[in-house]
Structures are given as C-alpha cells and as structure tokens.
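S.K.: So that you have it, the file is upload_8.csv, and it contains CSV, C-alpha atoms:
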```
chain,number,residue,atom,x,y,z
A,1,MET,CA,-86.9,37.7,-10.0
A,2,VAL,CA,-87.4,34.1,-9.0
A,3,VAL,CA,-84.8,33.0,-11.6
A,4,GLY,CA,-82.4,35.7,-10.4
A,5,VAL,CA,-82.6,34.6,-6.8
A,6,ALA,CA,-82.3,30.9,-7.7
A,7,VAL,CA,-79.3,31.4,-10.0
A,8,GLY,CA,-77.6,33.8,-7.5
A,9,SER,CA,-78.1,31.5,-4.5
A,10,GLY,CA,-77.2,28.4,-6.5
A,11,VAL,CA,-73.9,30.0,-7.7
A,12,GLY,CA,-73.2,31.3,-4.2
A,13,ALA,CA,-73.6,27.8,-2.8
A,14,GLN,CA,-71.3,26.4,-5.5
A,15,LEU,CA,-68.6,29.0,-4.7
A,16,ARG,CA,-68.9,28.0,-1.0
A,17,PHE,CA,-68.6,24.3,-1.9
A,18,ALA,CA,-65.5,25.2,-4.1
A,19,THR,CA,-64.0,27.0,-1.2
A,20,GLU,CA,-64.5,24.1,1.2
A,21,ARG,CA,-63.0,21.7,-1.4
A,22,LEU,CA,-60.0,24.0,-2.0
A,23,HIS,CA,-59.4,24.2,1.8
A,24,ALA,CA,-59.6,20.4,2.2
A,25,ARG,CA,-57.4,19.8,-0.8
A,26,ALA,CA,-54.7,22.3,0.3
A,27,ARG,CA,-54.5,20.4,3.7
A,28,GLU,CA,-54.3,17.1,1.9
A,29,ARG,CA,-51.4,18.3,-0.2
A,30,ARG,CA,-49.6,19.4,2.9
A,31,GLY,CA,-50.1,15.9,4.4
A,32,LEU,CA,-52.6,17.2,7.0
A,33,GLY,CA,-55.8,15.5,8.0
A,34,ARG,CA,-59.3,16.8,8.3
A,35,PRO,CA,-59.5,20.6,8.8
A,36,SER,CA,-58.8,21.5,12.4
A,37,PHE,CA,-60.3,24.9,12.1
A,38,PRO,CA,-63.3,25.8,9.9
A,39,TRP,CA,-61.4,28.5,7.8
A,40,ALA,CA,-63.5,27.8,4.7
A,41,THR,CA,-66.8,28.7,6.4
A,42,LEU,CA,-65.2,31.8,8.0
A,43,THR,CA,-63.9,32.9,4.6
A,44,VAL,CA,-67.2,32.6,2.7
A,45,ASN,CA,-69.1,34.3,5.6
A,46,VAL,CA,-66.7,37.2,5.7
A,47,VAL,CA,-66.5,37.6,1.9
A,48,GLY,CA,-70.3,37.3,1.6
A,49,SER,CA,-70.9,39.8,4.3
A,50,VAL,CA,-68.6,42.3,2.6
A,51,ALA,CA,-70.4,41.6,-0.7
A,52,LEU,CA,-73.8,42.3,0.8
A,53,GLY,CA,-72.5,45.5,2.5
A,54,ALA,CA,-71.2,46.7,-0.9
A,55,ALA,CA,-74.4,45.8,-2.7
A,56,ALA,CA,-76.6,47.4,-0.1
A,57,ALA,CA,-74.5,50.6,-0.2
A,58,LEU,CA,-74.5,50.7,-4.0
A,59,ALA,CA,-78.3,50.2,-4.0
A,60,ALA,CA,-78.8,53.0,-1.5
A,61,ARG,CA,-76.8,55.3,-3.7
A,62,GLY,CA,-78.8,54.3,-6.8
A,63,VAL,CA,-75.8,52.8,-8.5
A,64,ILE,CA,-77.6,49.4,-8.8
A,65,SER,CA,-81.3,48.9,-9.0
A,66,SER,CA,-83.4,47.1,-6.3
A,67,PRO,CA,-83.8,43.9,-8.3
A,68,TRP,CA,-80.0,43.6,-8.6
A,69,LEU,CA,-79.7,44.1,-4.8
A,70,THR,CA,-82.1,41.1,-4.5
A,71,VAL,CA,-80.2,38.9,-6.9
A,72,LEU,CA,-76.7,39.9,-5.6
A,73,GLY,CA,-77.5,40.5,-1.9
A,74,ILE,CA,-80.2,38.0,-1.1
A,75,GLY,CA,-79.3,35.5,-3.8
A,76,LEU,CA,-75.5,35.4,-4.3
A,77,ALA,CA,-74.3,36.7,-0.9
A,78,GLY,CA,-77.1,34.8,0.9
A,79,GLY,CA,-76.2,31.5,-0.9
A,80,LEU,CA,-72.5,32.0,-0.4
A,81,THR,CA,-72.8,32.6,3.3
A,82,THR,CA,-74.2,30.0,5.7
A,83,PHE,CA,-75.4,30.1,9.3
A,84,SER,CA,-76.1,26.4,9.7
A,85,THR,CA,-72.5,25.3,9.0
A,86,PHE,CA,-71.1,28.0,11.2
A,87,ALA,CA,-73.3,26.9,14.1
A,88,LEU,CA,-72.5,23.2,13.6
A,89,ASP,CA,-68.8,24.0,13.3
A,90,VAL,CA,-68.9,25.6,16.7
A,91,VAL,CA,-70.8,22.5,18.1
A,92,SER,CA,-68.2,20.2,16.6
A,93,LEU,CA,-65.2,22.1,18.0
A,94,ALA,CA,-66.8,22.2,21.5
A,95,ARG,CA,-67.6,18.5,21.3
A,96,ASP,CA,-63.9,17.8,20.4
A,97,HIS,CA,-63.0,19.6,23.6
A,98,ARG,CA,-61.6,22.5,21.6
A,99,VAL,CA,-63.6,25.2,23.4
A,100,ALA,CA,-61.0,27.9,22.7
A,101,HIS,CA,-61.2,27.2,19.0
A,102,ALA,CA,-65.1,27.4,19.2
A,103,VAL,CA,-64.9,30.7,21.0
A,104,LEU,CA,-62.3,31.9,18.4
A,105,ASP,CA,-64.5,30.9,15.5
A,106,ILE,CA,-67.4,32.9,17.0
A,107,ALA,CA,-65.2,35.9,17.7
A,108,LEU,CA,-63.7,35.9,14.2
A,109,HIS,CA,-67.1,35.6,12.6
A,110,LEU,CA,-68.4,38.6,14.6
A,111,ALA,CA,-65.2,40.7,14.3
A,112,LEU,CA,-64.5,40.0,10.6
A,113,GLY,CA,-68.0,39.2,9.2
A,114,LEU,CA,-69.9,41.9,10.9
A,115,GLY,CA,-67.0,44.3,11.1
A,116,ALA,CA,-65.8,44.1,7.5
A,117,GLY,CA,-69.4,43.9,6.2
A,118,ALA,CA,-70.3,47.1,8.1
A,119,ALA,CA,-67.1,48.8,7.1
A,120,MET,CA,-67.7,48.1,3.4
A,121,PHE,CA,-71.3,49.4,3.7
A,122,HIS,CA,-70.4,52.7,5.4
A,123,ILE,CA,-67.4,53.3,3.2
A,124,LEU,CA,-69.3,53.0,0.0
A,125,LEU,CA,-72.5,54.6,1.3
B,1,MET,CA,-70.1,10.9,-7.1
B,2,SER,CA,-68.4,12.8,-9.8
B,3,ARG,CA,-67.3,16.4,-9.3
B,4,SER,CA,-69.8,17.8,-11.8
B,5,LEU,CA,-72.7,15.9,-10.2
B,6,ALA,CA,-71.6,17.3,-6.8
B,7,TYR,CA,-71.6,20.9,-8.1
B,8,LEU,CA,-75.0,20.3,-9.8
B,9,LEU,CA,-76.5,19.0,-6.6
B,10,VAL,CA,-75.0,22.0,-4.6
B,11,GLY,CA,-76.3,24.4,-7.2
B,12,VAL,CA,-79.8,23.1,-7.3
B,13,GLY,CA,-80.0,22.6,-3.5
B,14,GLY,CA,-78.6,26.1,-3.0
B,15,ALA,CA,-81.1,27.6,-5.4
B,16,VAL,CA,-84.1,26.0,-3.7
B,17,GLY,CA,-82.7,27.0,-0.2
B,18,GLY,CA,-82.2,30.6,-1.4
B,19,LEU,CA,-85.7,30.7,-2.9
B,20,LEU,CA,-87.3,29.4,0.4
B,21,ARG,CA,-85.4,32.1,2.4
B,22,TRP,CA,-86.3,34.8,0.0
B,23,GLY,CA,-89.9,33.6,0.0
B,24,ALA,CA,-90.1,33.7,3.8
B,25,THR,CA,-88.6,37.2,4.0
B,26,THR,CA,-91.0,38.4,1.2
B,27,VAL,CA,-94.1,36.9,2.7
B,28,VAL,CA,-93.5,38.1,6.2
B,29,ASP,CA,-93.7,41.9,6.4
B,30,GLU,CA,-91.2,43.3,9.0
B,31,ALA,CA,-91.1,46.9,10.2
B,32,ALA,CA,-87.8,48.7,9.9
B,33,GLY,CA,-86.0,48.7,13.3
B,34,ALA,CA,-87.9,45.5,14.4
B,35,PHE,CA,-86.2,42.3,15.5
B,36,PRO,CA,-85.5,40.3,12.2
B,37,TRP,CA,-87.6,37.3,13.2
B,38,THR,CA,-87.8,35.8,9.8
B,39,THR,CA,-84.1,35.5,9.1
B,40,PHE,CA,-83.6,34.5,12.8
B,41,THR,CA,-86.1,31.7,12.4
B,42,VAL,CA,-84.6,30.6,9.0
B,43,ASN,CA,-81.1,30.4,10.6
B,44,MET,CA,-82.3,28.5,13.7
B,45,VAL,CA,-84.4,26.0,11.8
B,46,GLY,CA,-81.5,25.5,9.3
B,47,ALA,CA,-78.9,25.0,12.1
B,48,PHE,CA,-81.1,22.4,13.8
B,49,ALA,CA,-81.8,20.6,10.5
B,50,LEU,CA,-78.0,20.5,9.6
B,51,GLY,CA,-77.1,19.0,13.0
B,52,LEU,CA,-79.8,16.4,12.5
B,53,LEU,CA,-78.8,15.7,8.9
B,54,VAL,CA,-75.0,15.4,9.5
B,55,VAL,CA,-75.1,13.4,12.8
B,56,GLY,CA,-78.4,11.5,12.3
B,57,ILE,CA,-79.2,11.0,8.6
B,58,VAL,CA,-75.7,10.8,7.3
B,59,GLY,CA,-73.9,9.6,10.4
B,60,ARG,CA,-76.2,7.2,12.2
B,61,ARG,CA,-78.5,6.2,9.2
B,62,GLN,CA,-75.5,6.0,6.7
B,63,ALA,CA,-77.3,8.0,4.0
B,64,PRO,CA,-75.4,8.0,0.7
B,65,PRO,CA,-72.9,10.9,0.1
B,66,TRP,CA,-75.2,12.9,-2.2
B,67,VAL,CA,-77.6,13.5,0.7
B,68,ARG,CA,-74.9,15.5,2.6
B,69,THR,CA,-74.0,17.4,-0.6
B,70,ALA,CA,-77.4,18.2,-1.9
B,71,LEU,CA,-79.3,18.8,1.4
B,72,GLY,CA,-76.5,20.0,3.7
B,73,THR,CA,-74.1,22.1,1.6
B,74,GLY,CA,-76.8,23.0,-1.0
B,75,LEU,CA,-80.3,23.3,0.5
B,76,LEU,CA,-79.5,24.2,4.2
B,77,GLY,CA,-76.4,26.2,3.3
B,78,GLY,CA,-78.4,28.2,0.7
B,79,PHE,CA,-81.4,28.5,3.1
B,80,THR,CA,-79.4,30.0,6.0
B,81,THR,CA,-77.4,33.2,5.7
B,82,PHE,CA,-74.7,35.0,7.6
B,83,SER,CA,-74.5,38.1,5.4
B,84,ALA,CA,-78.1,39.1,6.1
B,85,TYR,CA,-77.6,38.6,9.8
B,86,ALA,CA,-74.4,40.7,9.8
B,87,HIS,CA,-76.0,43.5,7.7
B,88,ALA,CA,-79.1,43.6,9.8
B,89,VAL,CA,-77.1,44.0,13.0
B,90,ASP,CA,-75.3,46.9,11.4
B,91,VAL,CA,-78.5,48.6,10.1
B,92,LEU,CA,-80.2,48.2,13.5
B,93,ALA,CA,-77.3,49.6,15.5
B,94,THR,CA,-76.6,52.6,13.2
B,95,GLY,CA,-80.4,53.2,13.0
B,96,GLY,CA,-80.5,53.8,16.8
B,97,GLU,CA,-81.9,50.4,17.7
B,98,VAL,CA,-78.8,49.4,19.6
B,99,GLY,CA,-80.7,47.2,22.1
B,100,THR,CA,-82.4,45.2,19.3
B,101,ALA,CA,-79.1,44.9,17.4
B,102,MET,CA,-77.4,43.5,20.5
B,103,ALA,CA,-80.3,41.1,21.2
B,104,TYR,CA,-80.2,39.9,17.6
B,105,LEU,CA,-76.4,39.6,17.6
B,106,VAL,CA,-76.2,37.6,20.8
B,107,SER,CA,-79.3,35.5,20.5
B,108,SER,CA,-78.5,34.3,16.9
B,109,VAL,CA,-75.2,32.9,18.0
B,110,LEU,CA,-76.4,31.4,21.3
B,111,VAL,CA,-79.7,29.9,20.0
B,112,GLY,CA,-78.1,28.9,16.7
B,113,VAL,CA,-75.3,26.9,18.4
B,114,ALA,CA,-77.9,25.4,20.8
B,115,ALA,CA,-80.2,24.5,17.8
B,116,ALA,CA,-77.3,22.8,15.9
B,117,GLY,CA,-76.4,21.0,19.1
B,118,ALA,CA,-80.0,19.9,19.7
B,119,GLY,CA,-80.3,18.7,16.1
B,120,ALA,CA,-77.0,16.7,16.5
B,121,ALA,CA,-78.3,15.3,19.8
B,122,VAL,CA,-81.6,14.2,18.3
B,123,GLY,CA,-79.6,12.7,15.3
B,124,ALA,CA,-77.3,10.8,17.7
B,125,ARG,CA,-80.4,9.1,19.1
B,126,LEU,CA,-81.6,7.7,15.8
B,127,PRO,CA,-81.1,3.9,15.5
B,128,ALA,CA,-77.8,3.2,13.8
B,129,ARG,CA,-77.9,1.4,10.5
B,130,ARG,CA,-75.1,-1.0,10.0
B,131,ARG,CA,-73.4,-0.7,6.6
B,132,ARG,CA,-73.9,-3.8,4.5
B,133,ALA,CA,-70.9,-5.4,2.9
B,134,GLY,CA,-70.3,-3.9,-0.5
B,135,ASP,CA,-71.7,-0.5,0.4
B,136,SER,CA,-69.3,2.4,-0.4
B,137,PRO,CA,-67.8,3.7,2.8
B,138,THR,CA,-69.0,7.0,4.0
B,139,THR,CA,-66.9,9.7,5.6
B,140,ALA,CA,-66.4,9.3,9.3
B,141,HIS,CA,-67.7,12.2,11.3
B,142,GLY,CA,-66.8,11.1,14.7
B,143,TRP,CA,-70.4,11.4,15.8
B,144,SER,CA,-71.1,7.7,16.1
B,145,LYS,CA,-72.7,8.2,19.6
```
Any chance you could put this one into structure tokens?
M.R.:
Amino acid sequence: MVVGVAVGSGVGAQLRFATERLHARARERRGLGRPSFPWATLTVNVVGSVALGAAAALAARGVISSPWLTVLGIGLAGGLTTFSTFALDVVSLARDHRVAHAVLDIALHLALGLGAGAAMFHILL
Amino acid sequence: MSRSLAYLLVGVGGAVGGLLRWGATTVVDEAAGAFPWTTFTVNMVGAFALGLLVVGIVGRRQAPPWVRTALGTGLLGGFTTFSAYAHAVDVLATGGEVGTAMAYLVSSVLVGVAAAGAGAAVGARLPARRRRAGDSPTTAHGWSK
C-alpha cells in the first residue's frame, strides 16, 4: 500500500510537471512569454478531479477494490492535482493587478474541477 | 539540471508528499459528514509553504533551481490535493451536509489564498542574497520585494 501510494503520487506529480512544461513550451514556440493564465494548473486539477470521481464511483460499485481506490484516487489523482500551486497562482495574478484573472481562475476551478468531478462520480455511480 | 533529473526529483518529491498526505488522513479518524479538517490543514500548510518557498527561498535567498522542482512541484504539489477537496465537497453536499460542504468549499479557497499570500509575504521579508558572479542565473519571479 505504501509503495502503491508513493508510485501513484510520484507519477501523478510527474504528469503535472509534464503538463506545465508542455504549456510553457507551447507558449515559447508561439513567441509568447511567461504564461499569463495558469491553464496547466487548471488542466491537471480538472483532470485529476474527474479521475478521482471515476475511481470513487467504480470503487463504490465494486468494480475496483479499495486498495486500488487508494492508489489511483489518493495516490495518482492526489499527486496530479495541487492546491498549493492553485492558491499561489491566484495570489500571483492578484499581485500583478489582474484581479479579474484571479477571480476567473477560482471560478473555473470550482465550476470545472468540482463540477466535472461530481458529474463523473454520479454518472458512473 | 537535465530533464531526466528534473523528472526524478519531481517523482521522488511527489511520492514523499503523497505519502505524508495519505499518512495524515489515515492517522486522523474523521467521521462521515464531518468537516474534512485533515485535508483542509494539509492544503493550507502546503499553500503557505509554497508561497514561502517560491518567494523567499527561491526568490530572495536564490536557492538553486532543483529546490523549486523537488520541493515545490514535487513535495508540496504531491502533498496538497485539489481532487480530494472537490470530491469531499460533492460527497458532503449530496449526503445532506450542505452547510458543511459550503463552509469547506468557501473556506478552502479563502484561507488557501490567504495562506499562500502570507507565505509569500514572509518570504519577501527574508534577507536578500546577492548572486555571486559565476552563479547560474535563476528564473525571475517578479517577487523581489
């Protein structure tokens, strides 16, 4: 179980890192500077919330066992998503006098992260 | 820092962070329908620590790039979670605990942003370390003050 959570969370964090690099590189290729909106963080948090919703529903239906829910839900989805970067992104946007972007980031996280995660959970349940 | 070393640091940091979070939620026994204090605390501590790390340790103290990668993206990113927060709000709300769900929903965002801001503010007060000639340049964060 310890190994499962460690591997799940480690791989999740690596996928999050890859998403951030992909986003930064795509902007560079288009001749743009530092990311103006934290799309990478939003993406991993929405995808991870949907993944946990799916894993929790499948576990509730008995399709996957409880240890797999721990590895995939707490490990992989937990490592993929991040609250700390989300919170600091909002602070950075507000500090750069882009309060509308900060509010938009929070709104999109709640609407898409919570919304899509809950939708996936209740559809599969 | 090579790309493979960066991925290794993120993987190890993320594994340790995830284990610490899982350990915390396993040790603390929370009743169903109760306010998820453990995840809440994990996310708030992680948000404060990331603000302090990025602005203070990496920004003001000019820590080498691997510190941000291993401890920020890896450890603190793996420690904190958005998915568990989102799912807990859903489970609380659909389980009839709408008040607790709303309190958790709102307080996590407000206290989380305040915690990251507080960490950044503390970090901005650390004495600045001037980069020596020959040191590799670190990424500018625009947080010099």
S.K.: Residues of chain A within 7 Å of chain B, counting all atoms listed in the file - could you list those as a VMD selection string?
M.R.: chain A and resid 5 to 7 9 to 11 13 to 14 17 45 48 to 49 52 to 53 74 to 75 77 to 79 81 to 85 87 to 88 90 to 91 113 to 114 117 to 118
S.K.: Mind checking which residues fall within 12 Å of Arg27 (chain A), counting all atoms listed in the file, ignoring those fewer than 6 positions away in the same chain, and posting them as JSON, numbers by chain?
M.R.: {"A": [20, 21, 33, 34, 35, 36, 37, 39, 40]}
S.K.: Rounded to one decimal, what separation in Å do you get between CA of Phe86 (chain A) and CA of His109 (chain A)?
M.R.: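 Result for CA of Phe86 (chain A) versus CA of His109 (chain A): 8.7 Å, one decimal.
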S.K.: Of the candidates B:Ile57, B:Asp29, B:Thr39, B:Pro65, which one gets nearest to Val122 (chain B) if we count only C-alpha atoms?
M.R.: B:Ile57
S.K.: Provide the CA of Ser66 (chain A) to CA of Thr100 (chain B) distance in Å, to one decimal place.
M.R.: 25.7 Å
S.K.: So how far away is CA of Arg129 (chain B) from CA of Pro64 (chain B), in Å?
M.R.: 12.1 Å
S.K.: Please rebuild region 112-125 of chain A with N, CA and C atoms and return the result as a PDB file, in the coordinates of the input.
M.R.:
```pdb
ATOM      1  N   LEU A 112     -64.789  39.889  12.024  1.00  0.00           N
ATOM      2  CA  LEU A 112     -64.500  40.000  10.600  1.00  0.00           C
ATOM      3  C   LEU A 112     -65.780  40.085   9.748  1.00  0.00           C
ATOM      4  N   GLY A 113     -66.741  39.204  10.025  1.00  0.00           N
ATOM      5  CA  GLY A 113     -68.000  39.200   9.200  1.00  0.00           C
ATOM      6  C   GLY A 113     -68.797  40.432   9.414  1.00  0.00           C
ATOM      7  N   LEU A 114     -69.145  40.712  10.673  1.00  0.00           N
ATOM      8  CA  LEU A 114     -69.900  41.900  10.900  1.00  0.00           C
ATOM      9  C   LEU A 114     -69.084  43.164  10.703  1.00  0.00           C
ATOM     10  N   GLY A 115     -67.840  43.134  11.171  1.00  0.00           N
ATOM     11  CA  GLY A 115     -67.000  44.300  11.100  1.00  0.00           C
ATOM     12  C   GLY A 115     -66.680  44.707   9.644  1.00  0.00           C
ATOM     13  N   ALA A 116     -66.195  43.747   8.843  1.00  0.00           N
ATOM     14  CA  ALA A 116     -65.800  44.100   7.500  1.00  0.00           C
ATOM     15  C   ALA A 116     -67.076  44.395   6.623  1.00  0.00           C
ATOM     16  N   GLY A 117     -68.176  43.679   6.890  1.00  0.00           N
ATOM     17  CA  GLY A 117     -69.400  43.900   6.200  1.00  0.00           C
ATOM     18  C   GLY A 117     -69.910  45.365   6.434  1.00  0.00           C
ATOM     19  N   ALA A 118     -69.904  45.750   7.722  1.00  0.00           N
ATOM     20  CA  ALA A 118     -70.300  47.100   8.100  1.00  0.00           C
ATOM     21  C   ALA A 118     -69.391  48.147   7.547  1.00  0.00           C
ATOM     22  N   ALA A 119     -68.078  47.867   7.615  1.00  0.00           N
ATOM     23  CA  ALA A 119     -67.100  48.800   7.100  1.00  0.00           C
ATOM     24  C   ALA A 119     -67.321  49.074   5.615  1.00  0.00           C
ATOM     25  N   MET A 120     -67.494  48.005   4.845  1.00  0.00           N
ATOM     26  CA  MET A 120     -67.700  48.100   3.400  1.00  0.00           C
ATOM     27  C   MET A 120     -68.981  48.957   3.122  1.00  0.00           C
ATOM     28  N   PHE A 121     -70.061  48.669   3.878  1.00  0.00           N
ATOM     29  CA  PHE A 121     -71.300  49.400   3.700  1.00  0.00           C
ATOM     30  C   PHE A 121     -71.168  50.878   3.937  1.00  0.00           C
ATOM     31  N   HIS A 122     -70.497  51.233   5.040  1.00  0.00           N
ATOM     32  CA  HIS A 122     -70.400  52.700   5.400  1.00  0.00           C
ATOM     33  C   HIS A 122     -69.363  53.406   4.574  1.00  0.00           C
ATOM     34  N   ILE A 123     -68.345  52.681   4.075  1.00  0.00           N
ATOM     35  CA  ILE A 123     -67.400  53.300   3.200  1.00  0.00           C
ATOM     36  C   ILE A 123     -67.981  53.695   1.860  1.00  0.00           C
ATOM     37  N   LEU A 124     -68.742  52.749   1.303  1.00  0.00           N
ATOM     38  CA  LEU A 124     -69.300  53.000   0.000  1.00  0.00           C
ATOM     39  C   LEU A 124     -70.566  53.841   0.006  1.00  0.00           C
ATOM     40  N   LEU A 125     -71.219  53.925   1.177  1.00  0.00           N
ATOM     41  CA  LEU A 125     -72.500  54.600   1.300  1.00  0.00           C
ATOM     42  C   LEU A 125     -72.299  56.139   0.963  1.00  0.00           C
TER      43      LEU A 125
END
```
